[in-house]
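Step one of this worksheet: look at the structure below.
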Protein chains: 2
Amino acid sequence: MPDISQRGVHMPPSPIRKLVPYAEAAKKRGVKVYHLNIGQPDIETPKPVLDAVRHSEFKVLEYSHSAGNESYRRKLVTYYERFNIQVNHQQIIVTTGGSEAILFAFMACLDAGDEVIVPEPFYANYNGFAVEAGITIRTIGSSIESGFALPAMEAFEKAITPRTKAILICNPNNPTGYLYSKEEMEVLKQLCLQHNLYLFSDEAYREFCYTGRHFSAMNLEGLDDHVILMDTISKRYSACGGRIGALVSKNQQVLDAVMKFAQARLSPPSFAQIAGEAAVDLPADYFDGIKAEYLARRDVLVAGLNNIPGVFCPNPGGAFYAMAKLPIDDADVFCQWLLESFAYEQQTVMMAPGTGFYATPGLGKQEVRLAYVLNREDIAKAIICLEKALEVYPGRVATAIADTIVTHG
Amino acid sequence: MPDISQRGVHMPPSPIRKLVPYAEAAKKRGVKVYHLNIGQPDIETPKPVLDAVRHSEFKVLEYSHSAGNESYRRKLVTYYERFNIQVNHQQIIVTTGGSEAILFAFMACLDAGDEVIVPEPFYANYNGFAVEAGITIRTIGSSIESGFALPAMEAFEKAITPRTKAILICNPNNPTGYLYSKEEMEVLKQLCLQHNLYLFSDEAYREFCYTGRHFSAMNLEGLDDHVILMDTISKRYSACGGRIGALVSKNQQVLDAVMKFAQARLSPPSFAQIAGEAAVDLPADYFDGIKAEYLARRDVLVAGLNNIPGVFCPNPGGAFYAMAKLPIDDADVFCQWLLESFAYEQQTVMMAPGTGFYATPGLGKQEVRLAYVLNREDIAKAIICLEKALEVYPGRVATAIADTIVTHG
């Protein structure tokens, strides 16, 4: 039997999805599982967005342009204008989800062995795409105690090597929910200019900001040739299954290279491009209600978590994730135990172990990521499950938050 | 400005799509372009397939399982049973088009520097995925004179090195239309067993066989751990824009590794999975009419081409492509010239230059690939354009087919 590849061996399983078999088994036993593990919103996809597909009238489900339908790209130009991001449709390449935008950026800008600096913790699947592209993710730590603020400029500079070619951020951040300030973005700009680095900016959660305004990397003046925007409609319009994203840049060489990768896979999905195009025409107040809902959920989640003895959760400024530190020995063991060996009133909670969001061994062992994608009532019930679980979990440790800022009793 | 990657530099542009800007310019000048360059069928997508999407009633466009909806995978089991391919739904991973199945197979089975042997000419985008995976495609020549039959076993053995890990075929073949016989498949089996190689089998055109029955690599006895089937609904149901394919194998290690790549990109497109599931329920005679139509088109195309002085086109046994040898200096120049500088009665023809389907420099310079995806009338008109063009093309050469079997005057 031929061996699988070393990259197949080293490819990390998704920390968000690897526990799925245990959740499925729990459900088969009749246990209700609250899914806080994955950023799959329960918010309904806007009806006009689904209707655009359902009322479409074409007769042949054709390939689109490899860069996406021109009509959709032109519509996206108007979408970006609302954020004062000035691009033309030829600077937008529609991708198969934000996932493909990340992969294309890695492939087109970095060679095997090149390094990209990412503040840690970070979106776990960056690891997977790094393995696919053969590149190295170098992390610099941001801490739960500081609410995961951008590390100091010196920390970046210490991490830069001759192989460093890019800095990658997610803003607002998945998994931490941190919203980078204009000042922090300016620091990144200085770094990129001084060290001739790309700035990869994953702005999947642009609309979901609660503590301030979003400042896009595309609005950093003088950085046009460095910035690669990775985007997606998945979270914005609760359209995760559409698999439509975009790579946006003003660097023509990058666009030309990315187009070759785009051509190889022929085209992004046609149905969901129709959905994406319709989404740009949603009424201007569409996000108001959505944001208010997420904000209310966040408040329930964060307050509830901080009320559990020994638990600490900084208040996230955007996206719909929070990282919490728990009084436990091992988040992977704990999250699996919650599904395999625990239930409170026939209910349990599924979370993503923090370790999956760190590259540095040992970090995140007491942390979990929670996605507040359920309604407030379910979040409250999930928190009760978590509290009850922590009372009986065999691997509970007393010293968990000894070195953490404790803001509650 | 940061440099793009070397792989971005070396990534080949699609020979099928790189001439698109010239076609667009021709159309703006009012020239009708017959698109024989791309395998985009004009056949209508079956109405029940589109209706399944249009009548879908979900409220949230959710991620699916990373391997694809279980209901769809179970349905695919029944599809494969019709071809006596016995697999269970856990041996099927739904991919974003056949493209992703190819990329996943390369990534999971081969490391950077590993080699895969491919009979030449071959589907051009294998090159792109090879660049992405950092692997090397080693080719062994099949010749237009032999109708592109499988090269002899000795040719494969000469190409095998310590880095060789797989053989890749497309059956029936794109770009040649060649349909591999059971005997040829048995030769591949012997090679894979003797040299411990994977057999990657791209069977996108399984239903489109005109000169014999299709023999799937999945039906090679004793080769279960070696065979990776790459599949797609694109051509089968004229559903190219859906971007739904599948990777199928009985090798559990490969499946486990591929699942990690599948998890990293979250899920295949949801809308088109609904379409794919409905397609399996099409009436048993659905392909009869489609096949008859393609067969008639093939006959118009091949006869028409062979009637042009100096042109040779072997008769393809399957798929909907033909490779033809033309009395020209350079297929890339000629195909561009057809769009830029030629029109006959305000019409011209777009073809894919043969060079893009060869990795060996210099090969394919007098060849073009034609996809018979237009109706017979349009194919006939396209052939007239081609004939007229060859009469006036400045780069016409007299000696083009001197070394070719000439079957006509």
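Residues are named by chain letter and number: chains run A, B, ... in the order of the structure tokens, numbers start at 1 in each chain, and ligands are numbered from 1 in the order shown.
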Return as a short mmCIF file (atom, residue, chain, number, x, y, z; two decimals) with C-alpha atoms, in the first residue's frame the residues belonging to chain B that are within 6 Å of chain A, counting only C-alpha atoms.
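Result file is result.cif:
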```cif
data_model
loop_
_atom_site.label_atom_id
_atom_site.label_comp_id
_atom_site.auth_asym_id
_atom_site.auth_seq_id
_atom_site.Cartn_x
_atom_site.Cartn_y
_atom_site.Cartn_z
CA MET B 1 6.74 46.28 -3.16
CA PRO B 2 6.98 42.65 -2.03
CA ILE B 4 5.07 37.46 -5.67
CA SER B 5 6.05 33.85 -5.07
CA GLY B 8 2.99 32.40 -8.63
CA PRO B 13 -2.02 30.32 -17.25
CA SER B 14 -4.96 28.19 -18.41
CA GLU B 44 -29.46 22.38 -20.76
CA THR B 45 -29.01 21.37 -17.15
CA ARG B 54 -35.19 26.46 -6.82
CA LYS B 59 -33.98 29.11 5.90
CA VAL B 60 -30.26 29.16 6.70
CA LEU B 61 -27.64 28.52 4.02
CA GLU B 62 -25.50 26.49 6.37
CA TYR B 63 -22.13 24.83 6.06
CA SER B 99 -10.72 20.38 -9.44
CA ALA B 108 -2.83 13.92 0.60
CA CYS B 109 -0.77 11.39 -1.35
CA LEU B 110 2.27 13.28 -2.62
CA ASP B 111 4.87 15.51 -1.05
CA ASN B 125 -4.99 22.15 -15.15
CA GLY B 128 -1.63 24.08 -12.06
CA ASN B 196 3.60 0.55 -5.19
CA ASP B 225 -5.63 0.68 -1.63
CA ALA B 239 -23.68 21.54 -14.19
CA CYS B 240 -20.19 23.04 -14.48
CA GLY B 241 -21.04 26.11 -12.41
CA GLY B 242 -22.23 24.04 -9.45
CA ARG B 243 -18.67 23.16 -8.49
CA ALA B 257 -5.91 12.63 5.30
CA LYS B 260 -8.35 17.08 7.09
CA GLN B 263 -12.18 20.37 7.02
CA ALA B 264 -9.74 23.22 6.47
CA ARG B 265 -11.97 24.61 3.71
CA PRO B 269 -21.08 24.40 -1.84
CA SER B 270 -24.51 23.70 -0.37
#
```
Write down as a ChimeraX atom specification the residues of stretch 86-279 of chain A whose backbone DSSP state falls under strand (DSSP E or B). /A:92-95,115-120,136-141,164-170,198-202,209,227-232,245-249
For the selection you just gave me, I'd like the residues written to a file as a short mmCIF file (atom, residue, chain, number, x, y, z; two decimals), in the first residue's frame, keeping N, CA, C and O atoms.
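To be explicit, this is the file written out as selection-v8.cif:
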```cif
data_model
loop_
_atom_site.label_atom_id
_atom_site.label_comp_id
_atom_site.auth_asym_id
_atom_site.auth_seq_id
_atom_site.Cartn_x
_atom_site.Cartn_y
_atom_site.Cartn_z
N ILE A 92 -10.94 42.72 -7.82
CA ILE A 92 -11.69 41.77 -6.98
C ILE A 92 -11.71 40.41 -7.69
O ILE A 92 -12.10 40.32 -8.85
N ILE A 93 -11.27 39.39 -7.00
CA ILE A 93 -11.36 38.02 -7.54
C ILE A 93 -12.26 37.23 -6.60
O ILE A 93 -11.95 37.06 -5.41
N VAL A 94 -13.40 36.80 -7.13
CA VAL A 94 -14.36 36.05 -6.31
C VAL A 94 -13.79 34.66 -6.06
O VAL A 94 -13.30 34.00 -6.98
N THR A 95 -13.85 34.23 -4.82
CA THR A 95 -13.26 32.95 -4.42
C THR A 95 -14.32 32.01 -3.85
O THR A 95 -15.43 32.44 -3.53
N GLU A 115 7.82 32.61 5.53
CA GLU A 115 7.15 32.75 6.83
C GLU A 115 6.13 33.88 6.82
O GLU A 115 6.34 34.92 6.20
N VAL A 116 5.05 33.62 7.55
CA VAL A 116 4.05 34.66 7.77
C VAL A 116 3.87 34.79 9.29
O VAL A 116 3.81 33.78 10.00
N ILE A 117 3.84 36.02 9.74
CA ILE A 117 3.70 36.27 11.18
C ILE A 117 2.21 36.47 11.51
O ILE A 117 1.53 37.25 10.84
N VAL A 118 1.76 35.76 12.51
CA VAL A 118 0.35 35.83 12.91
C VAL A 118 0.28 35.99 14.42
O VAL A 118 0.90 35.21 15.15
N PRO A 119 -0.46 36.99 14.89
CA PRO A 119 -0.68 37.06 16.34
C PRO A 119 -1.47 35.82 16.79
O PRO A 119 -2.41 35.40 16.11
N GLU A 120 -1.06 35.29 17.92
CA GLU A 120 -1.62 34.05 18.44
C GLU A 120 -2.50 34.39 19.64
O GLU A 120 -2.10 35.25 20.44
N THR A 136 5.50 28.55 6.62
CA THR A 136 5.61 28.47 8.07
C THR A 136 4.89 29.63 8.72
O THR A 136 5.11 30.78 8.35
N ILE A 137 4.02 29.30 9.67
CA ILE A 137 3.37 30.35 10.46
C ILE A 137 4.22 30.59 11.69
O ILE A 137 4.50 29.67 12.45
N ARG A 138 4.70 31.83 11.84
CA ARG A 138 5.42 32.21 13.06
C ARG A 138 4.48 33.07 13.89
O ARG A 138 3.90 34.04 13.39
N THR A 139 4.34 32.70 15.13
CA THR A 139 3.36 33.41 15.96
C THR A 139 4.05 34.33 16.94
O THR A 139 5.18 34.11 17.35
N ILE A 140 3.32 35.39 17.29
CA ILE A 140 3.73 36.20 18.43
C ILE A 140 2.50 36.26 19.33
O ILE A 140 1.37 36.40 18.87
N GLY A 141 2.75 36.12 20.60
CA GLY A 141 1.63 35.92 21.52
C GLY A 141 0.85 37.18 21.82
O GLY A 141 1.42 38.25 22.08
N THR A 164 10.66 36.00 6.29
CA THR A 164 9.35 36.59 6.56
C THR A 164 8.85 37.38 5.35
O THR A 164 9.57 38.26 4.86
N LYS A 165 7.66 37.08 4.90
CA LYS A 165 7.13 37.80 3.74
C LYS A 165 5.78 38.45 4.00
O LYS A 165 5.28 39.19 3.15
N ALA A 166 5.17 38.15 5.14
CA ALA A 166 3.83 38.70 5.35
C ALA A 166 3.46 38.70 6.82
O ALA A 166 4.00 37.94 7.62
N ILE A 167 2.53 39.60 7.14
CA ILE A 167 1.83 39.57 8.43
C ILE A 167 0.37 39.26 8.11
O ILE A 167 -0.19 39.77 7.13
N LEU A 168 -0.23 38.42 8.91
CA LEU A 168 -1.63 38.03 8.70
C LEU A 168 -2.43 38.38 9.95
O LEU A 168 -2.06 37.98 11.06
N ILE A 169 -3.48 39.15 9.73
CA ILE A 169 -4.40 39.42 10.85
C ILE A 169 -5.83 39.12 10.43
O ILE A 169 -6.16 39.08 9.24
N CYS A 170 -6.65 38.91 11.43
CA CYS A 170 -8.09 38.76 11.23
C CYS A 170 -8.73 39.84 12.08
O CYS A 170 -8.50 39.90 13.29
N TYR A 198 3.94 41.73 2.94
CA TYR A 198 2.51 41.80 2.64
C TYR A 198 1.73 41.91 3.94
O TYR A 198 2.16 41.38 4.98
N LEU A 199 0.58 42.57 3.86
CA LEU A 199 -0.36 42.54 4.98
C LEU A 199 -1.61 41.80 4.49
O LEU A 199 -2.37 42.31 3.67
N PHE A 200 -1.76 40.58 4.98
CA PHE A 200 -2.97 39.80 4.67
C PHE A 200 -4.02 40.16 5.71
O PHE A 200 -3.80 39.95 6.91
N SER A 201 -5.15 40.67 5.28
CA SER A 201 -6.17 41.12 6.23
C SER A 201 -7.47 40.37 5.99
O SER A 201 -8.15 40.56 4.98
N ASP A 202 -7.79 39.52 6.93
CA ASP A 202 -9.02 38.72 6.87
C ASP A 202 -10.11 39.52 7.57
O ASP A 202 -10.07 39.71 8.79
N CYS A 209 -19.00 44.84 14.61
CA CYS A 209 -18.15 45.61 15.51
C CYS A 209 -19.04 46.27 16.56
O CYS A 209 -20.02 46.91 16.20
N VAL A 227 -1.23 45.26 0.64
CA VAL A 227 -2.43 44.75 1.31
C VAL A 227 -3.18 43.75 0.42
O VAL A 227 -3.47 44.01 -0.75
N ILE A 228 -3.46 42.60 0.99
CA ILE A 228 -4.34 41.60 0.36
C ILE A 228 -5.52 41.40 1.30
O ILE A 228 -5.34 40.92 2.43
N LEU A 229 -6.68 41.77 0.84
CA LEU A 229 -7.89 41.61 1.63
C LEU A 229 -8.50 40.25 1.34
O LEU A 229 -8.69 39.87 0.18
N MET A 230 -8.81 39.51 2.42
CA MET A 230 -9.51 38.24 2.28
C MET A 230 -10.90 38.42 2.85
O MET A 230 -11.06 38.83 4.00
N ASP A 231 -11.88 38.08 2.05
CA ASP A 231 -13.24 38.41 2.46
C ASP A 231 -14.18 37.24 2.19
O ASP A 231 -13.81 36.27 1.51
N THR A 232 -15.38 37.31 2.74
CA THR A 232 -16.36 36.26 2.55
C THR A 232 -17.76 36.77 2.86
O THR A 232 -17.91 37.67 3.69
N GLY A 245 -16.43 33.96 -1.42
CA GLY A 245 -15.59 34.96 -0.78
C GLY A 245 -14.97 35.83 -1.84
O GLY A 245 -15.43 35.86 -2.99
N ALA A 246 -13.93 36.55 -1.46
CA ALA A 246 -13.23 37.40 -2.42
C ALA A 246 -11.82 37.68 -1.94
O ALA A 246 -11.56 37.76 -0.74
N LEU A 247 -10.92 37.78 -2.89
CA LEU A 247 -9.59 38.31 -2.65
C LEU A 247 -9.53 39.66 -3.35
O LEU A 247 -9.86 39.76 -4.53
N VAL A 248 -9.14 40.68 -2.60
CA VAL A 248 -9.13 42.04 -3.14
C VAL A 248 -7.74 42.63 -2.92
O VAL A 248 -7.18 42.52 -1.83
N SER A 249 -7.21 43.24 -3.96
CA SER A 249 -5.90 43.87 -3.82
C SER A 249 -5.73 44.92 -4.91
O SER A 249 -6.44 44.89 -5.93
#
```
Counting only C-alpha atoms, which of B:Gly310, B:Gly317, B:Pro151, B:Gly222 gets nearest to B:Val187? B:Pro151
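If only C-alpha atoms are the atoms counted, then among B:Ala389, B:Ala319, B:Ala130, B:Ile379 the closest residue to B:Cys335 is B:Ala389.
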